[in-house]
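What follows is coords-v1.txt (compact mmCIF, C-alpha atoms).
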# COMPACT_ATOMS: atom_id res chain seq x y z
CA MET C 1116 0.00 0.00 0.00
CA LYS C 1117 1.03 3.59 -0.61
CA LYS C 1118 2.55 5.41 2.37
CA LYS C 1119 0.04 7.76 4.00
CA HIS C 1120 0.93 11.26 5.15
CA ILE C 1121 -1.16 12.01 8.23
CA LEU C 1122 -1.81 15.26 10.09
CA LEU C 1123 -3.36 15.37 13.55
CA VAL C 1124 -4.74 18.79 14.56
CA SER C 1125 -5.68 18.98 18.22
CA GLU C 1126 -5.23 21.21 21.23
CA VAL C 1127 -4.35 18.07 23.20
CA ASP C 1128 -0.67 17.06 23.16
CA TYR C 1129 -0.19 13.72 21.42
CA THR C 1130 3.58 13.86 20.93
CA ASN C 1131 3.84 10.29 22.25
CA LEU C 1132 1.46 8.96 19.60
CA LYS C 1133 2.77 5.74 18.13
CA ASN C 1134 4.30 6.18 14.69
CA LEU C 1135 2.41 3.16 13.43
CA SER C 1136 3.43 1.09 10.44
CA TYR C 1137 5.07 2.96 7.57
CA ASN C 1138 2.92 6.10 7.75
CA GLU C 1139 4.30 9.56 8.35
CA ILE C 1140 2.46 11.39 11.12
CA ASP C 1141 2.66 15.10 11.95
CA LEU C 1142 1.12 16.66 15.05
CA THR C 1143 0.08 20.28 15.43
CA ILE C 1144 -2.33 22.61 17.21
CA TRP C 1145 -4.85 24.83 15.43
CA GLU C 1146 -2.83 27.97 16.00
CA ASN C 1147 0.14 26.48 14.12
CA ILE C 1148 -1.66 25.07 11.07
CA HIS C 1149 -0.01 27.72 8.86
CA PHE C 1150 3.25 25.75 9.25
CA HIS C 1151 1.72 22.88 7.28
CA ASN C 1152 0.62 22.68 3.67
CA PHE C 1153 -2.69 20.85 3.84
CA GLU C 1154 -2.30 19.70 0.24
CA ASP C 1155 0.57 17.45 1.33
CA TYR C 1156 -1.56 15.17 3.50
CA ASP C 1157 -3.66 12.12 2.69
CA VAL C 1158 -5.35 11.72 6.08
CA PHE C 1159 -6.43 14.25 8.71
CA PHE C 1160 -7.62 13.91 12.27
CA LEU C 1161 -9.29 17.20 13.21
CA ASN C 1162 -10.26 17.53 16.86
CA PHE C 1163 -12.67 20.40 17.51
CA GLU C 1164 -13.00 19.59 21.17
CA GLY C 1165 -11.39 21.82 23.75
CA ASN C 1166 -10.24 25.42 23.70
CA VAL C 1167 -9.62 25.89 19.98
CA ASP C 1168 -7.98 29.30 19.62
CA LEU C 1169 -8.00 30.56 16.04
CA LYS C 1170 -7.91 34.30 16.53
CA ASN C 1171 -4.60 34.47 14.70
CA VAL C 1172 -5.36 31.89 12.02
CA ASN C 1173 -6.31 32.75 8.45
CA ILE C 1174 -9.21 30.63 7.21
CA ASN C 1175 -7.56 30.43 3.79
CA TYR C 1176 -5.12 27.88 5.18
CA LEU C 1177 -8.04 25.47 5.35
CA ASN C 1178 -8.93 25.81 1.65
CA PRO C 1179 -7.40 22.43 0.67
CA LEU C 1180 -10.04 20.81 2.85
CA LEU C 1181 -12.63 22.30 0.46
CA ASN C 1182 -10.94 21.12 -2.72
CA TRP C 1183 -13.07 18.12 -3.63
CA ASP C 1184 -10.70 17.02 -6.39
CA LEU C 1185 -7.96 16.51 -3.82
CA GLU C 1186 -8.09 12.93 -2.59
CA GLN C 1187 -8.11 13.00 1.21
CA LEU C 1188 -9.65 11.16 4.14
CA ILE C 1189 -10.68 13.45 7.01
CA PHE C 1190 -11.66 12.20 10.46
CA ILE C 1191 -13.58 14.93 12.30
CA PHE C 1192 -14.38 15.04 16.02
CA PRO C 1193 -16.95 17.87 16.00
CA SER C 1194 -18.28 19.95 18.88
CA LYS C 1195 -21.20 22.33 19.17
CA ILE C 1196 -19.35 25.63 19.64
CA GLU C 1197 -20.70 28.93 18.40
CA SER C 1198 -18.50 31.54 16.73
CA VAL C 1199 -18.45 34.03 13.88
CA SER C 1200 -16.04 34.74 11.04
CA LYS C 1201 -14.98 38.18 9.94
CA LYS C 1202 -12.58 39.29 7.19
CA ASN C 1203 -11.26 35.77 6.64
CA ARG C 1204 -10.55 35.38 10.34
CA ILE C 1205 -12.41 33.43 12.99
CA GLU C 1206 -13.44 35.59 15.95
CA PHE C 1207 -13.74 34.34 19.54
CA THR C 1208 -11.86 31.32 20.80
CA ASN C 1209 -13.98 28.47 19.47
CA PHE C 1210 -15.69 27.55 16.20
CA ASN C 1211 -17.85 24.95 14.54
CA VAL C 1212 -17.22 22.55 11.67
CA ASN C 1213 -19.95 24.06 9.48
CA LEU C 1214 -17.85 27.25 9.25
CA ILE C 1215 -15.46 25.16 7.14
CA TRP C 1216 -17.97 22.88 5.39
CA SER C 1217 -20.98 25.04 4.61
CA GLU C 1218 -22.91 22.00 3.31
CA LEU C 1219 -23.43 20.99 6.91
CA PRO C 1220 -26.45 22.44 8.69
CA SER C 1221 -26.14 24.26 11.98
CA PRO C 1222 -25.87 21.70 14.78
CA LEU C 1223 -28.37 21.20 17.55
CA GLU C 1224 -27.97 22.17 21.21
CA THR C 1225 -27.72 18.58 22.43
CA LYS C 1226 -25.19 16.31 24.07
CA GLY C 1227 -25.08 12.78 25.45
CA GLN C 1228 -23.38 9.40 25.62
CA ASN C 1229 -25.80 6.83 24.21
CA ILE C 1230 -25.43 6.13 20.51
CA ILE C 1231 -27.51 3.90 18.25
CA LEU C 1232 -25.53 2.36 15.39
CA ARG C 1233 -27.11 2.24 11.94
CA ASN C 1234 -26.51 -0.35 9.20
CA THR C 1235 -24.55 -2.64 11.51
CA GLN C 1236 -24.07 -5.16 8.70
CA ASP C 1237 -21.66 -2.83 6.89
CA LYS C 1238 -18.00 -3.78 7.28
CA ILE C 1239 -16.93 -0.18 7.60
CA LEU C 1240 -18.91 0.51 10.77
CA PRO C 1241 -16.75 -1.44 13.29
CA LEU C 1242 -13.63 0.05 11.70
CA ILE C 1243 -14.87 3.55 12.54
CA LEU C 1244 -17.04 3.06 15.64
CA ASP C 1245 -15.21 0.25 17.41
CA ASN C 1246 -17.30 -0.93 20.36
CA SER C 1247 -14.24 -1.23 22.62
CA PHE C 1248 -14.50 2.56 23.05
CA SER C 1249 -17.16 4.60 24.80
CA TYR C 1250 -18.32 7.74 22.98
CA THR C 1251 -19.75 11.10 23.98
CA TRP C 1252 -21.19 13.74 21.68
CA ASN C 1253 -22.23 17.37 21.80
CA TRP C 1254 -22.75 17.78 18.07
CA SER C 1255 -25.77 16.50 16.16
CA ILE C 1256 -27.91 17.38 13.15
CA LYS C 1257 -31.50 16.59 12.23
CA ARG C 1258 -32.11 13.63 9.93
CA GLU C 1259 -34.01 15.84 7.47
CA ASP C 1260 -30.94 18.09 7.24
CA LEU C 1261 -28.65 15.27 6.08
CA PRO C 1262 -26.48 16.75 3.30
CA ASP C 1263 -26.09 15.30 -0.19
CA ASN C 1264 -23.87 12.24 -0.65
CA ALA C 1265 -23.97 11.43 3.04
CA TYR C 1266 -24.46 8.18 4.92
CA ILE C 1267 -25.63 7.80 8.53
CA LEU C 1268 -23.40 5.81 10.89
CA ALA C 1269 -25.03 6.53 14.25
CA GLU C 1270 -27.92 8.43 15.82
CA ASN C 1271 -29.01 9.42 19.29
CA LYS C 1272 -32.18 8.03 20.86
CA ILE C 1273 -34.47 10.67 19.35
CA GLY C 1274 -33.14 10.05 15.84
CA ASN C 1275 -30.76 12.98 15.37
CA ILE C 1276 -27.55 12.15 13.50
CA ILE C 1277 -24.34 12.14 15.57
CA SER C 1278 -22.02 10.28 13.18
CA LEU C 1279 -21.94 10.18 9.40
CA LEU C 1280 -19.87 9.76 6.26
CA MET C 1281 -19.89 12.53 3.67
CA LYS C 1282 -18.36 12.15 0.22
CA ARG C 1283 -17.51 14.83 -2.33
CA LYS C 1284 -15.73 13.57 -5.44
CA LYS C 1285 -12.40 12.23 -4.14
CA LYS C 1286 -12.71 13.44 -0.57
CA ASN C 1287 -14.27 11.50 2.32
CA LEU C 1288 -15.30 13.15 5.58
CA ILE C 1289 -16.06 11.03 8.64
CA PHE C 1290 -17.81 12.73 11.57
CA ILE C 1291 -17.26 10.79 14.79
CA PRO C 1292 -18.47 11.18 18.40
CA HIS C 1293 -15.60 11.73 20.86
CA PRO C 1294 -14.10 8.42 22.08
CA ASP C 1295 -13.14 8.08 25.72
CA ASN C 1296 -9.48 7.63 24.76
CA LEU C 1297 -8.80 9.75 21.69
CA LYS C 1298 -5.12 8.82 21.49
CA GLU C 1299 -5.81 5.06 21.37
CA TYR C 1300 -8.72 5.62 19.00
CA ILE C 1301 -6.52 7.52 16.52
CA GLU C 1302 -3.85 4.83 16.79
CA MET C 1303 -6.50 2.21 15.96
CA CYS C 1304 -7.67 4.19 12.91
CA ILE C 1305 -4.11 4.62 11.66
CA GLN C 1306 -3.49 0.91 12.11
CA ASN C 1307 -6.62 0.17 10.02
CA ILE C 1308 -6.24 3.07 7.57
CA ASP C 1309 -5.67 0.86 4.52
CA GLU C 1310 -8.72 -1.27 5.29
CA ILE C 1311 -10.86 1.82 5.96
CA THR C 1312 -9.74 3.35 2.66
CA GLU C 1313 -10.47 0.13 0.79
CA GLU C 1314 -13.97 -0.12 2.28
CA LEU C 1315 -14.69 3.51 1.38
CA THR C 1316 -13.86 2.83 -2.27
CA LYS C 1317 -16.56 0.11 -2.25
CA PHE C 1318 -18.98 2.36 -0.49
CA SER C 1319 -19.92 4.92 -3.13
CA LYS C 1320 -23.20 3.17 -3.99
CA HIS C 1321 -24.45 3.74 -0.44
CA PHE C 1322 -24.21 7.52 -0.56
CA ILE C 1323 -27.40 9.35 -1.43
CA LEU C 1324 -28.25 12.63 -3.08
CA LYS C 1325 -30.76 14.81 -1.30
CA LYS C 1326 -33.82 15.37 -3.49
CA PRO C 1327 -34.85 18.96 -4.23
CA ASN C 1328 -38.23 20.19 -3.00
CA TRP C 1329 -39.46 20.94 -6.53
CA LEU C 1330 -39.08 17.31 -7.68
CA GLY C 1331 -42.55 16.40 -6.39
CA ASP C 1332 -44.07 19.00 -8.73
CA TYR C 1333 -42.37 17.48 -11.79
CA ASP C 1334 -43.81 13.96 -11.68
CA ILE C 1335 -44.34 13.00 -15.31
CA PHE C 1336 -44.03 9.26 -14.50
CA GLN C 1337 -46.74 9.56 -11.81
CA LYS C 1338 -44.43 8.31 -9.09
CA ALA C 1339 -46.63 9.82 -6.36
CA SER C 1340 -49.58 7.74 -7.56
CA LYS C 1341 -47.49 4.56 -7.51
CA LEU C 1342 -46.21 5.34 -4.01
CA LYS C 1343 -49.80 5.80 -2.92
CA GLN C 1344 -50.60 2.35 -4.31
CA ILE C 1345 -47.61 0.88 -2.50
CA ASN C 1346 -48.69 2.44 0.79
CA GLN C 1347 -52.20 1.08 0.30
CA LEU C 1348 -50.77 -2.40 -0.36
CA LYS C 1349 -48.64 -2.14 2.78
CA LYS C 1350 -51.77 -1.33 4.79
CA GLU C 1351 -53.54 -4.32 3.27
CA VAL C 1352 -50.61 -6.60 4.07
CA LYS C 1353 -50.63 -5.43 7.70
CA GLN C 1354 -54.34 -6.18 7.86
CA LEU C 1355 -53.78 -9.65 6.40
CA GLU C 1356 -51.07 -10.29 8.98
CA ARG C 1357 -53.59 -9.45 11.70
CA PHE C 1358 -55.95 -11.94 10.08
CA GLU C 1359 -53.22 -14.63 10.02
CA ILE C 1360 -52.95 -14.57 13.81
CA LEU C 1361 -56.29 -16.39 13.76
CA LEU C 1362 -54.41 -19.45 12.45
CA TYR C 1363 -51.54 -19.64 14.94
CA GLY C 1364 -52.21 -17.16 17.77
CA TYR C 1365 -53.05 -17.53 21.42
CA GLY C 1366 -53.15 -15.34 24.51
CA LYS C 1367 -53.19 -11.54 24.25
CA PRO C 1368 -52.09 -11.35 20.58
CA LEU C 1369 -55.03 -13.55 19.54
CA GLU C 1370 -57.44 -11.55 21.73
CA LYS C 1371 -56.20 -8.29 20.24
CA SER C 1372 -56.49 -9.59 16.67
CA ILE C 1373 -60.08 -10.78 17.21
CA ALA C 1374 -61.04 -7.46 18.83
CA GLU C 1375 -59.69 -5.61 15.77
CA ILE C 1376 -61.49 -7.99 13.40
CA PHE C 1377 -64.79 -7.60 15.26
CA SER C 1378 -64.37 -3.84 15.02
CA PHE C 1379 -63.73 -4.24 11.27
CA LEU C 1380 -66.90 -6.31 10.95
CA GLY C 1381 -68.99 -3.61 12.63
CA PHE C 1382 -69.38 -4.63 16.28
CA LYS C 1383 -69.53 -1.68 18.71
CA GLU C 1384 -68.41 -0.89 22.26
CA ILE C 1385 -65.56 -3.36 22.03
CA LYS C 1386 -63.78 -3.95 25.34
CA ARG C 1387 -60.95 -6.23 26.42
CA SER C 1388 -60.23 -7.09 30.02
CA SER C 1389 -57.70 -9.03 32.10
CA THR C 1390 -60.14 -9.53 34.97
CA SER C 1391 -63.34 -10.58 33.17
CA ALA C 1392 -64.31 -11.96 29.75
CA ASP C 1393 -61.62 -11.71 27.06
CA LEU C 1394 -63.87 -9.67 24.78
CA ILE C 1395 -67.14 -7.80 25.24
CA CYS C 1396 -68.90 -6.12 22.32
CA GLU C 1397 -72.37 -5.07 21.24
CA ILE C 1398 -74.79 -4.64 18.37
CA GLN C 1399 -78.15 -2.90 18.57
CA SER C 1400 -80.01 -5.58 20.52
CA PHE C 1401 -77.28 -7.96 21.73
CA LYS C 1402 -74.30 -7.88 24.06
CA PHE C 1403 -71.69 -10.57 23.36
CA ILE C 1404 -69.34 -12.01 25.97
CA ALA C 1405 -66.46 -13.94 24.45
CA GLU C 1406 -63.93 -16.37 25.87
CA ILE C 1407 -60.97 -16.59 23.48
CA THR C 1408 -58.32 -19.29 23.53
CA GLY C 1409 -55.59 -20.78 21.38
CA ILE C 1410 -54.75 -24.42 22.14
CA THR C 1411 -52.79 -27.29 20.60
CA HIS C 1412 -55.61 -29.82 20.97
CA GLN C 1413 -59.37 -30.10 20.57
CA ALA C 1414 -61.48 -27.92 22.88
CA TYR C 1415 -62.72 -29.97 25.84
CA GLU C 1416 -65.17 -29.24 28.64
CA ASN C 1417 -62.51 -27.79 30.94
CA ASP C 1418 -61.58 -25.26 28.24
CA VAL C 1419 -65.04 -23.65 28.51
CA SER C 1420 -65.26 -23.60 32.32
CA GLN C 1421 -64.79 -19.82 32.48
CA MET C 1422 -67.95 -19.33 30.42
CA PHE C 1423 -70.16 -19.96 33.47
CA LYS C 1424 -68.33 -17.36 35.54
CA TRP C 1425 -68.52 -14.58 32.95
CA ILE C 1426 -72.23 -15.04 32.24
CA ALA C 1427 -73.04 -14.79 35.95
CA GLU C 1428 -71.16 -11.53 36.25
CA GLU C 1429 -72.64 -9.99 33.11
CA LYS C 1430 -76.25 -10.90 33.98
CA VAL C 1431 -75.88 -8.91 37.20
CA LYS C 1432 -74.60 -5.91 35.23
CA GLU C 1433 -77.39 -6.20 32.67
CA THR C 1434 -80.36 -6.14 35.09
CA LYS C 1435 -81.17 -2.59 34.05
CA SER C 1436 -80.50 -3.14 30.35
CA LYS C 1437 -82.88 -4.54 27.76
CA LYS C 1438 -80.05 -6.02 25.68
CA LYS C 1439 -79.85 -9.77 25.39
CA VAL C 1440 -76.58 -11.36 26.49
CA LYS C 1441 -75.05 -14.06 24.33
CA GLN C 1442 -71.84 -15.96 24.99
CA LEU C 1443 -69.24 -16.87 22.43
CA PHE C 1444 -66.44 -19.38 22.74
CA ILE C 1445 -63.84 -18.44 20.11
CA CYS C 1446 -61.17 -21.09 19.73
CA ASN C 1447 -57.99 -21.62 17.71
CA ALA C 1448 -57.59 -25.37 18.23
CA PHE C 1449 -54.65 -27.41 16.89
CA ARG C 1450 -52.81 -24.11 16.42
CA ASP C 1451 -49.39 -25.75 15.94
CA ILE C 1452 -50.33 -27.67 12.76
CA ILE C 1453 -51.39 -26.60 9.29
CA PRO C 1454 -55.17 -25.94 9.07
CA THR C 1455 -55.75 -28.54 6.33
CA THR C 1456 -54.84 -31.37 8.74
CA ARG C 1457 -56.85 -30.16 11.77
CA GLU C 1458 -59.72 -32.19 13.22
CA SER C 1459 -63.00 -30.81 14.60
CA TYR C 1460 -62.22 -27.89 16.89
CA PHE C 1461 -64.89 -28.77 19.48
CA HIS C 1462 -65.44 -31.98 21.43
CA GLU C 1463 -68.98 -33.41 21.38
CA ARG C 1464 -69.49 -32.51 25.06
CA VAL C 1465 -68.65 -28.86 24.35
CA ILE C 1466 -71.17 -28.85 21.49
CA GLU C 1467 -73.83 -30.28 23.81
CA LEU C 1468 -73.14 -27.60 26.45
CA SER C 1469 -73.34 -24.87 23.84
CA LYS C 1470 -76.81 -25.94 22.79
CA VAL C 1471 -78.05 -26.20 26.36
CA HIS C 1472 -76.70 -22.75 27.32
CA HIS C 1473 -77.27 -21.13 23.91
CA TRP C 1474 -73.58 -20.43 23.29
CA GLY C 1475 -72.02 -19.76 19.95
CA LEU C 1476 -68.90 -21.80 19.14
CA LEU C 1477 -66.72 -20.00 16.64
CA SER C 1478 -63.51 -21.48 15.27
CA THR C 1479 -60.88 -18.97 14.23
CA LEU C 1480 -60.44 -20.91 11.01
CA GLU C 1481 -64.12 -20.37 10.13
CA LEU C 1482 -63.69 -16.67 10.88
CA TYR C 1483 -60.52 -16.57 8.74
CA HIS C 1484 -62.35 -18.11 5.77
CA ALA C 1485 -65.24 -15.67 6.28
CA LEU C 1486 -62.81 -12.76 5.96
CA LEU C 1487 -61.64 -14.18 2.65
CA LYS C 1488 -65.27 -14.42 1.47
CA ILE C 1489 -65.81 -10.78 2.40
CA ARG C 1490 -62.73 -9.87 0.38
CA LYS C 1491 -64.11 -11.78 -2.62
CA LYS C 1492 -67.54 -10.12 -2.07
CA GLU C 1493 -69.12 -13.52 -1.49
CA LEU C 1494 -70.23 -12.40 1.98
CA LYS C 1495 -71.14 -9.10 3.58
CA LYS C 1496 -70.02 -8.00 7.03
CA GLU C 1497 -73.67 -7.87 8.04
CA ASP C 1498 -73.98 -11.59 7.19
CA ILE C 1499 -71.20 -12.41 9.65
CA ILE C 1500 -72.83 -10.39 12.43
CA ALA C 1501 -76.21 -11.99 11.76
CA ALA C 1502 -74.74 -15.50 11.93
CA ILE C 1503 -72.99 -14.77 15.24
CA GLU C 1504 -76.23 -13.29 16.61
CA ASN C 1505 -78.59 -16.07 15.54
CA GLN C 1506 -76.66 -19.33 15.44
CA GLU C 1507 -76.16 -21.55 18.49
CA GLY C 1508 -73.63 -24.34 18.73
CA ILE C 1509 -71.02 -24.31 15.97
CA ILE C 1510 -71.30 -21.06 13.97
CA GLU C 1511 -70.85 -21.35 10.22
CA PHE C 1512 -70.86 -18.63 7.58
Show this structure as structure tokens.
Amino acid sequence: MKKKHILLVSEVDYTNLKNLSYNEIDLTIWENIHFHNFEDYDVFFLNFEGNVDLKNVNINYLNPLLNWDLEQLIFIFPSKIESVSKKNRIEFTNFNVNLIWSELPSPLETKGQNIILRNTQDKILPLILDNSFSYTWNWSIKREDLPDNAYILAENKIGNIISLLMKRKKKNLIFIPHPDNLKEYIEMCIQNIDEITEELTKFSKHFILKKPNWLGDYDIFQKASKLKQINQLKKEVKQLERFEILLYGYGKPLEKSIAEIFSFLGFKEIKRSSTSADLICEIQSFKFIAEITGITHQAYENDVSQMFKWIAEEKVKETKSKKKVKQLFICNAFRDIIPTTRESYFHERVIELSKVHHWGLLSTLELYHALLKIRKKELKKEDIIAAIENQEGIIEF
């Protein structure tokens, strides 16, 4: 590999930095950058943390960092420090990275320690954000302000970007949260510099261009209409996935799915409870009390024992109401095998009890097929409600 010329700019003294491998490393502070020709270097480590004093530094010395045709790799440890520039000089003692790279938006007034890595499958990520280090940050930008040809490496918990790659022609900029041991971190990067460079050359396809606001008004291929169709299909797929729980679900997920399906069908006043019946809902003249279960076997008498408790409670509540109370036992039996090989969901004794007590026995598979018939317009939602209201014993649609 070609020898790399490296410049570390930091207010912290790193004179004992290991001169790793065959690379040539120069160390300087911001006030002395005029002693170095930035065009001579292949790799930079720019530390903006600390008391960066640039009152006597001409900004023009930094111009090679803005020359996108100059092939360079720049590691940047940014900080949120306000300052102003005047007559090619930086006033006050501290400054921010977007005074050099104007493509960057103004940073946010935030700081923290927790980082959330993005795209963890990419080989370049552990080379840059090695998890043997802890990181802190006081520089972040909003996701919607991500500049062109940029790639997110890490975010904070509210989704603001705290680490990214930015590419312009031959130049790569890497913005990194501050590691707990900057000296060892820089040594690690120098040790891996050839591998990092190699990965960056493969990485160009990942960088994105930010779309202009006017693009949505110039839509001759009707992309917006197609996206609308895609979003509608995604909604339908989510609905179908809720339906599929009828085939394999049990416990709270199955109860939630059935409650959503009953709402879809047109039942009202839907309630779920952890201390009474699994589902309570109403139509104009009926109140339904449902026990819902998912089991790996046929439904036996002991599986419907709770039905007697719930009806006793609800009859007390309904003394002042004219609505009829009807019980439903909704069951996903044999849930661990494919529906085409399942036997009858309800044991004969359960069927007998349902007729004596006027229960409705509803298999989730029957409900699943009914939803398909609604989709094909072979059944109406009102037909489903009517069957649940009027049929005793095993309910069929």
Kindly indicate which residue among C:Phe1248, C:Phe1290, C:Phe1449, C:Tyr1460 lies nearest to Ile1189 in chain C, using all atoms listed in the file for the distances.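 Using all atoms listed in the file, Ile1189 in chain C sits closest to C:Phe1290.
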Set the distance at 12 Å and use all atoms listed in the file: which residues neighbour Asn1162 in chain C once local chain neighbours fewer than 5 positions away are removed? I'd like the list as a PyMOL selection string. chain C and resi 1122-1129+1142-1145+1167+1189-1194+1209-1212+1289-1294+1297-1298+1301
Choose the residue, out of C:Glu1146, C:Glu1302, C:Asp1157, C:Glu1504, that has the smallest atom-to-atom separation from Ser1400 in chain C; count only C-alpha atoms.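 Checking each of C:Glu1146, C:Glu1302, C:Asp1157, C:Glu1504 against Ser1400 in chain C, counting only C-alpha atoms, the winner is C:Glu1504.
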Between CA of His1462 in chain C and CA of Ala1414 in chain C, what is the distance, to one decimal in Å?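 Distance reported for this atom pair: 5.9 Å.
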Neighbours of Asn1253 in chain C within 12 Å (all atoms listed in the file; same-chain residues fewer than 2 positions away dropped), as a VMD selection string? chain C and resid 1163 to 1165 1192 to 1196 1211 1222 to 1230 1250 to 1251 1255 to 1256 1271 1275 to 1278 1291 to 1293
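Of the listed residues (C:Phe1358, C:Tyr1176, C:Phe1403, C:Tyr1156), C:Phe1358 comes nearest to Leu1482 in chain C; the distances count all atoms listed in the file.
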So how many Å separate CA of Glu1467 in chain C and CA of Asp1451 in chain C, to one decimal?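 CA of Asp1451 in chain C lies 26.1 Å from CA of Glu1467 in chain C.
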Shortest interatomic distance to Phe1379 in chain C - which of C:Ile1509, C:Ile1499, C:Leu1342, C:Val1158, counting only C-alpha atoms: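 With only C-alpha atoms as the atom set, the closest residue is C:Ile1499.
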Residue with smallest distance to Lys1470 in chain C - pool C:Leu1330, C:Leu1443, C:Leu1487, C:Ile1453, counting only C-alpha atoms: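 Among the listed residues, C:Leu1443 lies closest to Lys1470 in chain C.
Using all atoms listed in the file, the nearest neighbour of Leu1355 in chain C within the list C:Asp1237, C:Glu1375, C:Glu1406, C:Glu1507 is C:Glu1375.
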Could you check how far CA of Gly1508 in chain C sits from CA of Arg1464 in chain C, in Å to one decimal?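 We find that CA of Gly1508 in chain C and CA of Arg1464 in chain C lie 11.1 Å from each other.
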